[in-house]
>>> print(open('data35.cif').read())   # mmCIF, C-alpha atoms
data_coords
loop_
_atom_site.group_PDB
_atom_site.id
_atom_site.type_symbol
_atom_site.label_atom_id
_atom_site.label_comp_id
_atom_site.auth_asym_id
_atom_site.auth_seq_id
_atom_site.Cartn_x
_atom_site.Cartn_y
_atom_site.Cartn_z
ATOM 1 C CA GLN A 1 7.489 -64.387 -80.131
ATOM 2 C CA VAL A 2 4.851 -63.983 -77.438
ATOM 3 C CA ARG A 3 1.765 -66.146 -77.700
ATOM 4 C CA LEU A 4 -1.259 -66.539 -75.436
ATOM 5 C CA VAL A 5 -3.421 -69.553 -76.232
ATOM 6 C CA GLU A 6 -6.803 -69.901 -74.540
ATOM 7 C CA SER A 7 -8.926 -72.995 -74.198
ATOM 8 C CA GLY A 8 -11.934 -74.225 -72.271
ATOM 9 C CA GLY A 9 -14.788 -72.124 -73.572
ATOM 10 C CA GLY A 10 -18.097 -73.591 -74.650
ATOM 11 C CA LEU A 11 -21.822 -73.740 -74.128
ATOM 12 C CA VAL A 12 -23.221 -74.478 -70.691
ATOM 13 C CA GLN A 13 -26.561 -74.185 -68.941
ATOM 14 C CA ALA A 14 -27.146 -71.607 -66.251
ATOM 15 C CA GLY A 15 -25.745 -72.818 -62.955
ATOM 16 C CA GLY A 16 -23.056 -74.834 -64.662
ATOM 17 C CA SER A 17 -19.279 -74.527 -64.607
ATOM 18 C CA LEU A 18 -16.436 -74.036 -67.027
ATOM 19 C CA ARG A 19 -12.687 -73.762 -66.608
ATOM 20 C CA LEU A 20 -10.661 -71.558 -68.915
ATOM 21 C CA SER A 21 -6.932 -71.990 -69.403
ATOM 22 C CA CYS A 22 -4.398 -69.686 -71.010
ATOM 23 C CA VAL A 23 -0.884 -70.837 -71.805
ATOM 24 C CA ALA A 24 1.623 -68.048 -72.366
ATOM 25 C CA SER A 25 4.965 -68.399 -74.120
ATOM 26 C CA GLY A 26 7.814 -66.273 -75.371
ATOM 27 C CA SER A 27 8.515 -64.088 -72.358
ATOM 28 C CA ILE A 28 8.223 -63.649 -68.615
ATOM 29 C CA PHE A 29 4.941 -62.216 -67.453
ATOM 30 C CA GLY A 30 3.799 -60.195 -64.490
ATOM 31 C CA THR A 31 0.096 -59.733 -63.886
ATOM 32 C CA MET A 32 -2.107 -62.044 -65.935
ATOM 33 C CA GLY A 33 -5.829 -61.947 -66.218
ATOM 34 C CA TRP A 34 -9.084 -62.471 -68.015
ATOM 35 C CA TYR A 35 -11.270 -59.910 -69.714
ATOM 36 C CA ARG A 36 -14.568 -60.403 -71.485
ATOM 37 C CA GLN A 37 -16.564 -58.658 -74.149
ATOM 38 C CA ALA A 38 -20.248 -59.235 -74.740
ATOM 39 C CA PRO A 39 -21.937 -58.164 -77.989
ATOM 40 C CA GLY A 40 -22.431 -54.417 -78.061
ATOM 41 C CA LYS A 41 -20.486 -53.876 -74.863
ATOM 42 C CA GLN A 42 -16.997 -52.744 -73.980
ATOM 43 C CA ARG A 43 -14.320 -55.177 -72.936
ATOM 44 C CA GLU A 44 -14.222 -55.454 -69.165
ATOM 45 C CA LEU A 45 -11.898 -56.933 -66.583
ATOM 46 C CA VAL A 46 -13.127 -60.202 -65.085
ATOM 47 C CA ALA A 47 -10.187 -61.040 -62.838
ATOM 48 C CA ASN A 48 -6.450 -60.726 -62.672
ATOM 49 C CA ILE A 49 -3.644 -62.183 -60.615
ATOM 50 C CA SER A 50 -0.175 -60.897 -59.900
ATOM 51 C CA ARG A 51 2.936 -62.987 -60.206
ATOM 52 C CA GLY A 52 2.895 -63.287 -56.413
ATOM 53 C CA GLY A 53 -0.702 -64.464 -56.350
ATOM 54 C CA SER A 54 -2.648 -61.344 -55.401
ATOM 55 C CA THR A 55 -6.064 -61.390 -57.047
ATOM 56 C CA ASN A 56 -8.613 -58.867 -58.168
ATOM 57 C CA TYR A 57 -12.177 -59.596 -59.297
ATOM 58 C CA ALA A 58 -15.005 -57.713 -60.911
ATOM 59 C CA ASP A 59 -17.900 -57.335 -58.479
ATOM 60 C CA SER A 60 -20.171 -59.269 -60.833
ATOM 61 C CA VAL A 61 -18.104 -62.459 -60.525
ATOM 62 C CA LYS A 62 -16.946 -62.354 -56.906
ATOM 63 C CA GLY A 63 -17.797 -65.568 -55.110
ATOM 64 C CA ARG A 64 -18.431 -67.429 -58.380
ATOM 65 C CA PHE A 65 -15.150 -67.224 -60.318
ATOM 66 C CA THR A 66 -11.657 -68.105 -59.144
ATOM 67 C CA ILE A 67 -8.459 -67.116 -60.919
ATOM 68 C CA SER A 68 -5.206 -68.968 -60.380
ATOM 69 C CA ARG A 69 -1.855 -69.349 -62.080
ATOM 70 C CA ASP A 70 1.077 -71.700 -62.397
ATOM 71 C CA ASN A 71 4.196 -69.630 -62.979
ATOM 72 C CA ALA A 72 6.304 -72.640 -63.923
ATOM 73 C CA LYS A 73 3.819 -73.517 -66.659
ATOM 74 C CA LYS A 74 3.143 -69.867 -67.555
ATOM 75 C CA THR A 75 -0.532 -70.711 -67.343
ATOM 76 C CA VAL A 76 -3.467 -68.800 -65.892
ATOM 77 C CA TYR A 77 -6.804 -70.417 -65.139
ATOM 78 C CA LEU A 78 -10.313 -69.132 -64.583
ATOM 79 C CA GLN A 79 -12.697 -71.454 -62.785
ATOM 80 C CA MET A 80 -16.218 -70.254 -63.432
ATOM 81 C CA ASN A 81 -19.028 -71.648 -61.268
ATOM 82 C CA SER A 82 -22.718 -70.783 -60.993
ATOM 83 C CA LEU A 83 -22.642 -69.352 -64.481
ATOM 84 C CA LYS A 84 -25.383 -66.943 -65.519
ATOM 85 C CA PRO A 85 -26.652 -65.976 -68.979
ATOM 86 C CA GLU A 86 -25.114 -62.530 -68.430
ATOM 87 C CA ASP A 87 -21.679 -64.182 -68.299
ATOM 88 C CA THR A 88 -22.021 -64.920 -72.015
ATOM 89 C CA ALA A 89 -19.128 -63.225 -73.814
ATOM 90 C CA VAL A 90 -15.843 -63.750 -75.560
ATOM 91 C CA TYR A 91 -13.221 -64.196 -72.866
ATOM 92 C CA TYR A 92 -9.714 -62.913 -73.535
ATOM 93 C CA CYS A 93 -6.508 -63.790 -71.759
ATOM 94 C CA ASN A 94 -4.237 -60.866 -70.959
ATOM 95 C CA ALA A 95 -0.635 -60.815 -69.796
ATOM 96 C CA LEU A 96 1.685 -57.973 -68.941
ATOM 97 C CA HIS A 97 5.368 -58.249 -69.773
ATOM 98 C CA PHE A 98 7.281 -58.584 -66.509
ATOM 99 C CA VAL A 99 9.675 -55.723 -67.256
ATOM 100 C CA SER A 100 7.975 -53.402 -69.741
ATOM 101 C CA SER A 101 4.326 -54.070 -68.732
ATOM 102 C CA TYR A 102 3.500 -54.275 -72.420
ATOM 103 C CA ASP A 103 0.007 -55.727 -72.961
ATOM 104 C CA TYR A 104 -0.405 -59.057 -74.702
ATOM 105 C CA TRP A 105 -3.744 -60.606 -75.654
ATOM 106 C CA GLY A 106 -5.017 -64.020 -76.618
ATOM 107 C CA GLN A 107 -7.373 -64.640 -79.501
ATOM 108 C CA GLY A 108 -10.421 -65.100 -77.276
ATOM 109 C CA THR A 109 -12.652 -68.019 -76.417
ATOM 110 C CA GLN A 110 -16.449 -67.979 -76.519
ATOM 111 C CA VAL A 111 -18.418 -68.709 -73.363
ATOM 112 C CA SER A 112 -22.165 -69.068 -73.833
ATOM 113 C CA VAL A 113 -24.572 -69.646 -70.953
ATOM 114 C CA SER A 114 -28.137 -70.671 -71.759
ATOM 115 C CA SER A 115 -31.051 -69.971 -69.469
#
>>> encode(input="data35.cif", output="C-alpha cells")
Amino acid sequence: QVRLVESGGGLVQAGGSLRLSCVASGSIFGTMGWYRQAPGKQRELVANISRGGSTNYADSVKGRFTISRDNAKKTVYLQMNSLKPEDTAVYYCNALHFVSSYDYWGQGTQVSVSS
C-alpha cells in the first residue's frame, strides 16, 4: 500500500523559514514534488524533482524554496525561506509511480505565514 506522509508545516512570521518533509512508502517513485492550494484557488505546482535530481520550480518561489530528495529514504524535502503571506496554503506531497506514473498524494500540511 502506497503512503505519503508529510510533516513540517506550521505558523511562521513573514521572512521566516520552514522545512517540509514527505516520506513515501509502498513502491518505487519517479518524480516527486510539492503542490499547494490556497483557499479559493486551484492547486498549483510549487516544485518537483526527478529521481536523478533535476528540479523544477514555480516562478513565485524561485530563489526562496529548495527541493531535494533522498532516494534511499524515499523522502522529499522542501526548504522554504523568506516566506511571504501569499505562501499560505495547504501543501501536498506528490509522487509518481516509477513505472506507471500513477499519481499519489499525501494528506496535506498547513503552512501559514503571518504578516
>>> closest_residue(input="data35.cif", among="A:Ala72, A:Leu45, A:Val113, A:Ala24", to="Lys84 (chain A)", atoms="all atoms listed in the file")
A:Val113
>>> closest_residue(input="data35.cif", among="A:Ile49, A:Asn81, A:Gln110, A:Asn94", to="Leu18 (chain A)", atoms="all atoms listed in the file")
A:Asn81
>>> resolve_selection(input="data35.cif", expression="the PyMOL selection byres ((chain A and resi 78) around 8)", output="list in words")
Arg19, Leu20, Ser21, Trp34, Phe65, Thr66, Ile67, Ser68, Val76, Tyr77, Gln79 and Met80 of chain A
>>> residues_around(input="data35.cif", residues="Val99 (chain A)", least_positions_apart="2", cutoff="12 Å", atoms="all atoms listed in the file", output="PDB file with C-alpha atoms, in the frame of the given file")
ATOM      1  CA  SER A  27       8.515 -64.088 -72.358  1.00  0.00           C
ATOM      2  CA  ILE A  28       8.223 -63.649 -68.615  1.00  0.00           C
ATOM      3  CA  PHE A  29       4.941 -62.216 -67.453  1.00  0.00           C
ATOM      4  CA  GLY A  30       3.799 -60.195 -64.490  1.00  0.00           C
ATOM      5  CA  THR A  31       0.096 -59.733 -63.886  1.00  0.00           C
ATOM      6  CA  ALA A  95      -0.635 -60.815 -69.796  1.00  0.00           C
ATOM      7  CA  LEU A  96       1.685 -57.973 -68.941  1.00  0.00           C
ATOM      8  CA  HIS A  97       5.368 -58.249 -69.773  1.00  0.00           C
ATOM      9  CA  SER A 101       4.326 -54.070 -68.732  1.00  0.00           C
ATOM     10  CA  TYR A 102       3.500 -54.275 -72.420  1.00  0.00           C
ATOM     11  CA  ASP A 103       0.007 -55.727 -72.961  1.00  0.00           C
TER      12      ASP A 103
END
>>> closest_residue(input="data35.cif", among="A:Thr75, A:Thr109, A:Thr88, A:Ser115", to="Lys41 (chain A)", atoms="all atoms listed in the file")
A:Thr88
>>> atom_distance(input="data35.cif", atom1="CA of Lys62 (chain A)", atom2="CA of Ala38 (chain A)")
18.4 Å
>>> resolve_selection(input="data35.cif", expression="the PyMOL selection byres ((chain A and resi 3) around 9)", output="NGL selection string")
:A and (1-2 or 4-5 or 23-27 or 104-106)
>>> write_last_selection(input="data35.cif", atoms="C-alpha atoms", output="PDB file, in the frame of the given file")
ATOM      1  CA  GLN A   1       7.489 -64.387 -80.131  1.00  0.00           C
ATOM      2  CA  VAL A   2       4.851 -63.983 -77.438  1.00  0.00           C
ATOM      3  CA  LEU A   4      -1.259 -66.539 -75.436  1.00  0.00           C
ATOM      4  CA  VAL A   5      -3.421 -69.553 -76.232  1.00  0.00           C
ATOM      5  CA  VAL A  23      -0.884 -70.837 -71.805  1.00  0.00           C
ATOM      6  CA  ALA A  24       1.623 -68.048 -72.366  1.00  0.00           C
ATOM      7  CA  SER A  25       4.965 -68.399 -74.120  1.00  0.00           C
ATOM      8  CA  GLY A  26       7.814 -66.273 -75.371  1.00  0.00           C
ATOM      9  CA  SER A  27       8.515 -64.088 -72.358  1.00  0.00           C
ATOM     10  CA  TYR A 104      -0.405 -59.057 -74.702  1.00  0.00           C
ATOM     11  CA  TRP A 105      -3.744 -60.606 -75.654  1.00  0.00           C
ATOM     12  CA  GLY A 106      -5.017 -64.020 -76.618  1.00  0.00           C
TER      13      GLY A 106
END
>>> atom_distance(input="data35.cif", atom1="CA of Cys93 (chain A)", atom2="CA of Gln107 (chain A)")
7.8 Å
>>> resolve_selection(input="data35.cif", expression="the PyMOL selection byres ((chain A and resi 10) around 6)", output="PyMOL selection string")
chain A and resi 9+11+111
>>> closest_residue(input="data35.cif", among="A:Thr55, A:Ser60, A:Ser112, A:Ser82", to="Gly33 (chain A)", atoms="only C-alpha atoms")
A:Thr55
>>> atom_distance(input="data35.cif", atom1="CA of Ser54 (chain A)", atom2="CA of Ser17 (chain A)")
23.1 Å
>>> build_atoms(input="data35.cif", residues="region 21-32 of chain A", atoms="all heavy atoms", output="compact mmCIF listing (two decimals), in the frame of the given file")
# COMPACT_ATOMS: atom_id res chain seq x y z
N SER A 21 -8.39 -71.94 -69.58
CA SER A 21 -6.93 -71.99 -69.40
C SER A 21 -6.28 -71.10 -70.45
O SER A 21 -6.79 -70.96 -71.57
CB SER A 21 -6.41 -73.42 -69.58
OG SER A 21 -6.95 -74.29 -68.62
N CYS A 22 -5.16 -70.51 -70.08
CA CYS A 22 -4.40 -69.69 -71.01
C CYS A 22 -2.92 -70.00 -70.81
O CYS A 22 -2.39 -69.77 -69.72
CB CYS A 22 -4.67 -68.21 -70.78
SG CYS A 22 -3.59 -67.09 -71.71
N VAL A 23 -2.31 -70.52 -71.85
CA VAL A 23 -0.88 -70.84 -71.81
C VAL A 23 -0.12 -69.73 -72.52
O VAL A 23 -0.39 -69.43 -73.69
CB VAL A 23 -0.59 -72.19 -72.46
CG1 VAL A 23 0.90 -72.50 -72.38
CG2 VAL A 23 -1.39 -73.29 -71.78
N ALA A 24 0.81 -69.13 -71.81
CA ALA A 24 1.62 -68.05 -72.37
C ALA A 24 3.01 -68.57 -72.71
O ALA A 24 3.52 -69.48 -72.06
CB ALA A 24 1.72 -66.91 -71.37
N SER A 25 3.61 -68.01 -73.73
CA SER A 25 4.96 -68.40 -74.12
C SER A 25 5.69 -67.21 -74.71
O SER A 25 5.07 -66.22 -75.13
CB SER A 25 4.92 -69.55 -75.13
OG SER A 25 4.24 -69.16 -76.30
N GLY A 26 7.00 -67.28 -74.70
CA GLY A 26 7.81 -66.27 -75.37
C GLY A 26 8.36 -65.17 -74.50
O GLY A 26 9.10 -64.32 -74.99
N SER A 27 7.99 -65.14 -73.22
CA SER A 27 8.52 -64.09 -72.36
C SER A 27 8.23 -64.45 -70.90
O SER A 27 7.75 -65.53 -70.60
CB SER A 27 7.86 -62.75 -72.71
OG SER A 27 8.50 -61.69 -72.02
N ILE A 28 8.58 -63.52 -70.02
CA ILE A 28 8.22 -63.65 -68.61
C ILE A 28 7.14 -62.62 -68.33
O ILE A 28 7.25 -61.46 -68.73
CB ILE A 28 9.45 -63.40 -67.71
CG1 ILE A 28 10.53 -64.44 -67.99
CG2 ILE A 28 9.04 -63.45 -66.25
CD1 ILE A 28 11.82 -64.18 -67.26
N PHE A 29 6.11 -63.06 -67.62
CA PHE A 29 4.94 -62.22 -67.45
C PHE A 29 4.69 -61.86 -66.00
O PHE A 29 4.90 -62.64 -65.10
CB PHE A 29 3.71 -62.92 -68.04
CG PHE A 29 3.88 -63.27 -69.49
CD1 PHE A 29 4.28 -64.55 -69.85
CD2 PHE A 29 3.69 -62.32 -70.48
CE1 PHE A 29 4.46 -64.87 -71.18
CE2 PHE A 29 3.87 -62.64 -71.80
CZ PHE A 29 4.26 -63.92 -72.16
N GLY A 30 4.21 -60.65 -65.80
CA GLY A 30 3.80 -60.20 -64.49
C GLY A 30 2.34 -60.54 -64.29
O GLY A 30 1.93 -61.69 -64.38
N THR A 31 1.52 -59.50 -64.08
CA THR A 31 0.10 -59.73 -63.89
C THR A 31 -0.53 -60.37 -65.12
O THR A 31 -0.28 -59.95 -66.25
CB THR A 31 -0.61 -58.41 -63.56
OG1 THR A 31 -0.10 -57.91 -62.33
CG2 THR A 31 -2.11 -58.61 -63.44
N MET A 32 -1.35 -61.39 -64.87
CA MET A 32 -2.11 -62.04 -65.94
C MET A 32 -3.59 -62.00 -65.56
O MET A 32 -3.93 -61.95 -64.38
CB MET A 32 -1.64 -63.49 -66.13
CG MET A 32 -0.18 -63.61 -66.52
SD MET A 32 0.36 -65.32 -66.75
CE MET A 32 -0.45 -65.73 -68.29
